[in-house]
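K.L.:
So that you have it, the file is entry34.csv, and it contains CSV, C-alpha atoms:
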chain,number,residue,atom,x,y,z
A,240,MET,CA,-69.8,29.7,-28.2
A,241,GLN,CA,-69.0,31.6,-25.4
A,242,ASN,CA,-66.8,29.0,-24.2
A,243,LEU,CA,-64.7,29.2,-27.2
A,244,ASP,CA,-63.8,32.8,-26.8
A,245,ILE,CA,-62.3,32.0,-23.5
A,246,ILE,CA,-60.2,29.3,-24.9
A,247,SER,CA,-59.4,30.9,-28.2
A,248,ILE,CA,-55.9,32.0,-29.1
A,249,ASN,CA,-55.3,35.5,-30.2
A,250,ILE,CA,-52.1,35.6,-32.2
A,251,TRP,CA,-51.8,39.4,-31.8
A,252,GLN,CA,-51.8,39.2,-28.1
A,253,ILE,CA,-49.1,36.5,-28.2
A,254,VAL,CA,-46.9,38.6,-30.6
A,255,ILE,CA,-47.4,41.7,-28.4
A,256,SER,CA,-46.7,39.6,-25.3
A,257,LEU,CA,-43.6,38.2,-26.9
A,258,ALA,CA,-42.5,41.7,-28.1
A,259,ASN,CA,-43.1,43.0,-24.6
A,260,LEU,CA,-41.0,40.1,-23.2
A,261,VAL,CA,-38.2,40.8,-25.7
A,262,ILE,CA,-38.3,44.5,-25.0
A,263,LEU,CA,-38.3,43.9,-21.3
A,264,PHE,CA,-35.4,41.4,-21.6
A,265,LEU,CA,-33.4,44.0,-23.6
A,266,ILE,CA,-34.1,46.7,-21.1
A,267,LEU,CA,-33.3,44.5,-18.2
A,268,LYS,CA,-30.1,43.3,-20.0
A,269,LYS,CA,-29.1,46.9,-20.8
A,270,PHE,CA,-29.8,48.4,-17.4
A,271,LEU,CA,-29.5,45.4,-15.0
A,272,PHE,CA,-27.6,42.5,-16.5
A,273,GLU,CA,-24.6,44.5,-17.7
A,274,PRO,CA,-24.1,46.5,-14.5
A,275,VAL,CA,-24.6,43.3,-12.4
A,276,LYS,CA,-22.0,41.6,-14.7
A,277,LYS,CA,-19.6,44.5,-14.2
A,278,VAL,CA,-20.1,44.5,-10.4
A,279,LYS,CA,-19.6,40.7,-10.5
A,280,ALA,CA,-16.4,41.1,-12.5
A,281,GLN,CA,-15.2,43.9,-10.3
A,282,ARG,CA,-15.8,41.8,-7.2
A,283,GLU,CA,-14.0,38.8,-8.7
A,284,ASN,CA,-11.1,41.0,-9.5
A,285,GLU,CA,-11.0,42.4,-6.0
A,286,ILE,CA,-11.2,38.8,-4.5
A,287,GLU,CA,-8.4,37.7,-6.8
A,288,ALA,CA,-6.3,40.7,-5.8
A,289,ARG,CA,-7.0,39.9,-2.2
A,290,TYR,CA,-5.9,36.2,-2.8
A,291,ARG,CA,-2.8,37.4,-4.6
A,292,LYS,CA,-2.1,39.8,-1.7
A,293,ALA,CA,-2.7,37.1,0.9
A,294,ASP,CA,-0.5,34.7,-1.1
A,295,LYS,CA,2.2,37.4,-1.3
A,296,ALA,CA,1.9,38.1,2.4
A,297,GLN,CA,2.1,34.4,3.2
A,298,GLN,CA,5.2,34.1,1.0
A,299,GLU,CA,6.8,37.1,2.7
A,300,ALA,CA,5.9,35.6,6.1
A,301,ASP,CA,7.5,32.3,5.1
A,302,GLU,CA,10.6,34.2,3.9
A,303,LEU,CA,10.8,36.1,7.2
A,304,LYS,CA,10.2,32.9,9.1
A,305,ALA,CA,13.0,31.2,7.2
A,306,GLY,CA,15.2,34.3,7.8
A,307,TRP,CA,14.6,34.3,11.5
A,308,GLU,CA,15.2,30.5,11.7
A,309,ASP,CA,18.5,31.1,9.9
A,310,LYS,CA,19.3,33.9,12.3
A,311,ILE,CA,18.4,31.7,15.3
A,312,ALA,CA,20.6,28.9,14.0
A,313,THR,CA,23.4,31.4,13.4
A,314,ALA,CA,22.9,32.9,16.8
A,315,ASP,CA,23.0,29.4,18.4
A,316,GLN,CA,26.2,28.6,16.4
A,317,LYS,CA,27.8,31.9,17.5
A,318,ALA,CA,26.8,31.3,21.1
A,319,ASP,CA,28.5,27.8,20.8
A,320,GLU,CA,31.6,29.5,19.3
A,321,ILE,CA,31.7,32.1,22.0
A,322,ILE,CA,31.4,29.4,24.7
A,323,ASN,CA,34.1,27.3,23.1
A,324,GLU,CA,36.4,30.3,22.8
A,325,ALA,CA,35.8,31.1,26.5
A,326,VAL,CA,36.5,27.5,27.5
A,327,GLU,CA,39.7,27.6,25.4
A,328,ARG,CA,40.8,30.9,27.0
A,329,ALA,CA,40.1,29.5,30.4
A,330,ASN,CA,42.1,26.4,29.6
A,331,SER,CA,45.0,28.4,28.3
A,332,ARG,CA,44.9,30.7,31.3
A,333,ASN,CA,44.8,27.6,33.5
A,334,GLU,CA,47.8,26.2,31.8
A,335,VAL,CA,49.6,29.5,32.1
A,336,MET,CA,48.8,29.7,35.8
A,337,LEU,CA,49.9,26.1,36.3
A,338,TYR,CA,53.2,26.8,34.5
A,339,GLU,CA,53.8,29.9,36.5
A,340,SER,CA,53.0,28.1,39.7
A,341,ARG,CA,55.4,25.3,38.8
A,342,GLU,CA,58.0,27.9,38.0
A,343,LYS,CA,57.5,29.6,41.3
A,344,ALA,CA,57.6,26.3,43.1
A,345,ASP,CA,60.8,25.3,41.3
A,346,GLN,CA,62.3,28.6,42.1
A,347,ILE,CA,61.4,28.3,45.8
A,348,ILE,CA,62.9,24.8,45.9
A,349,ARG,CA,66.1,26.0,44.2
A,350,LYS,CA,66.4,28.9,46.6
A,351,ALA,CA,65.7,26.5,49.6
A,352,LYS,CA,68.4,24.1,48.3
A,353,ALA,CA,70.8,27.0,47.8
A,354,ASP,CA,70.1,28.2,51.4
A,355,ILE,CA,70.5,24.7,52.8
A,356,GLU,CA,73.8,24.3,51.0
A,357,ARG,CA,75.0,27.7,52.2
A,358,ASP,CA,73.9,26.9,55.8
A,359,ARG,CA,75.7,23.6,55.5
A,360,ARG,CA,78.9,25.2,54.3
A,361,GLU,CA,78.7,27.8,57.1
A,362,ALA,CA,78.0,25.1,59.6
A,363,ARG,CA,81.1,23.1,58.4
A,364,GLU,CA,83.2,26.2,58.5
A,365,THR,CA,82.0,27.0,62.0
A,366,ILE,CA,82.6,23.4,63.1
A,367,LYS,CA,86.0,23.4,61.5
A,368,LYS,CA,86.9,26.6,63.4
A,369,GLU,CA,85.7,25.2,66.7
A,370,ILE,CA,87.6,21.9,66.1
A,371,VAL,CA,90.7,23.8,65.2
A,372,ASP,CA,90.4,26.0,68.3
A,373,VAL,CA,89.7,23.0,70.6
A,374,SER,CA,92.4,20.8,69.1
A,375,GLN,CA,94.9,23.7,69.3
A,376,ALA,CA,94.1,24.2,72.9
A,377,ILE,CA,94.4,20.5,73.6
A,378,SER,CA,97.6,20.2,71.6
A,379,GLU,CA,99.1,23.1,73.4
A,380,GLN,CA,98.3,21.5,76.7
A,381,ILE,CA,99.6,18.1,75.6
A,382,ILE,CA,102.8,19.4,74.0
A,383,GLY,CA,103.2,22.3,76.2
A,384,ARG,CA,104.2,24.8,73.7
A,385,GLU,CA,102.4,26.9,71.1
A,386,ILE,CA,101.9,25.4,67.6
A,387,ASN,CA,102.0,27.5,64.6
A,388,MET,CA,98.4,28.3,63.7
A,389,ASP,CA,98.7,27.9,60.0
A,390,ASP,CA,100.4,24.4,60.3
A,391,HIS,CA,97.8,23.3,62.8
A,392,ARG,CA,95.0,24.5,60.6
A,393,ASP,CA,96.4,22.7,57.5
A,394,LEU,CA,96.6,19.5,59.5
A,395,ILE,CA,93.0,19.8,60.8
A,396,ASP,CA,91.6,20.8,57.4
A,397,THR,CA,93.2,17.7,55.9
A,398,ALA,CA,91.8,15.5,58.6
A,399,ILE,CA,88.3,17.0,58.3
A,400,ASP,CA,88.4,16.7,54.5
A,401,ARG,CA,89.3,13.0,54.9
A,402,MET,CA,86.4,12.6,57.3
A,403,GLY,CA,84.1,14.4,54.9
A,404,ASP,CA,85.1,12.1,52.1
A,405,THR,CA,84.2,9.0,54.1
A,406,GLU,CA,80.7,10.2,54.8
Using structure tokens, write down the structure that the file contains.
P.N.:
Amino acid sequence: MQNLDIISINIWQIVISLANLVILFLILKKFLFEPVKKVKAQRENEIEARYRKADKAQQEADELKAGWEDKIATADQKADEIINEAVERANSRNEVMLYESREKADQIIRKAKADIERDRREARETIKKEIVDVSQAISEQIIGREINMDDHRDLIDTAIDRMGDTE
């Protein structure tokens, strides 16, 4: 019978073992499971807060990126406008300078034409005088007397005017 004592089941030992197991479970639950559960929940909250913070930072970075891209596009557009304005100003200055140059050239040409016309008149008058003087001297020698200067001049002016009209 000795073998049976080894294999035999003692209910009180099982109940005490079960009671020990339940008590141990309750103690562990009270002192270990609840604090571990709290630490786990706290860590989950921290991780979620970090994710929210990272998402918020990513969103802010995307907004900043979009803002900078807008600013760059605006800066490029402003640079193009400034370049276009500078080109327009240069073109208008060029037109003004061309206009002024043409005006100066026209003024120089008008002055040159006026000078040429004045010199031509002076040359005609000088030639008329010389012709009058020469013809008076020749006439005096041919006729042998002195001709009235005013009459002679009128005759010569008329002749020269007739010659000028034929040219």
K.L.:
Between atom CA of Asn284 of chain A and atom CA of Gln298 of chain A, what distance in Å does the model show, to one decimal?
P.N.:
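We find that atom CA of Asn284 of chain A and atom CA of Gln298 of chain A lie 20.6 Å from each other.
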K.L.:
Give me, please, the distance in Å between atom CA of Asp393 of chain A and atom CA of Ser374 of chain A, quoted to one decimal.
P.N.:
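Computing it gives 12.4 Å between the two atoms.
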K.L.:
What's around Ile395 of chain A at 10 Å? Count all atoms listed in the file, leave out sequence neighbours fewer than 6 positions away in its own chain, and write the answer as a PyMOL selection string.
P.N.:
chain A and resi 367-368+370-371+374-375+389+401
K.L.:
Would you list the contacts of segment 347-363 of chain A as a ChimeraX atom specification, taking every protein, DNA or RNA residue within 12 Å and counting all atoms listed in the file, but skipping same-chain residues closer than 4 positions in sequence?
P.N.:
/A:340-343,367-371,396,399-400,402-403
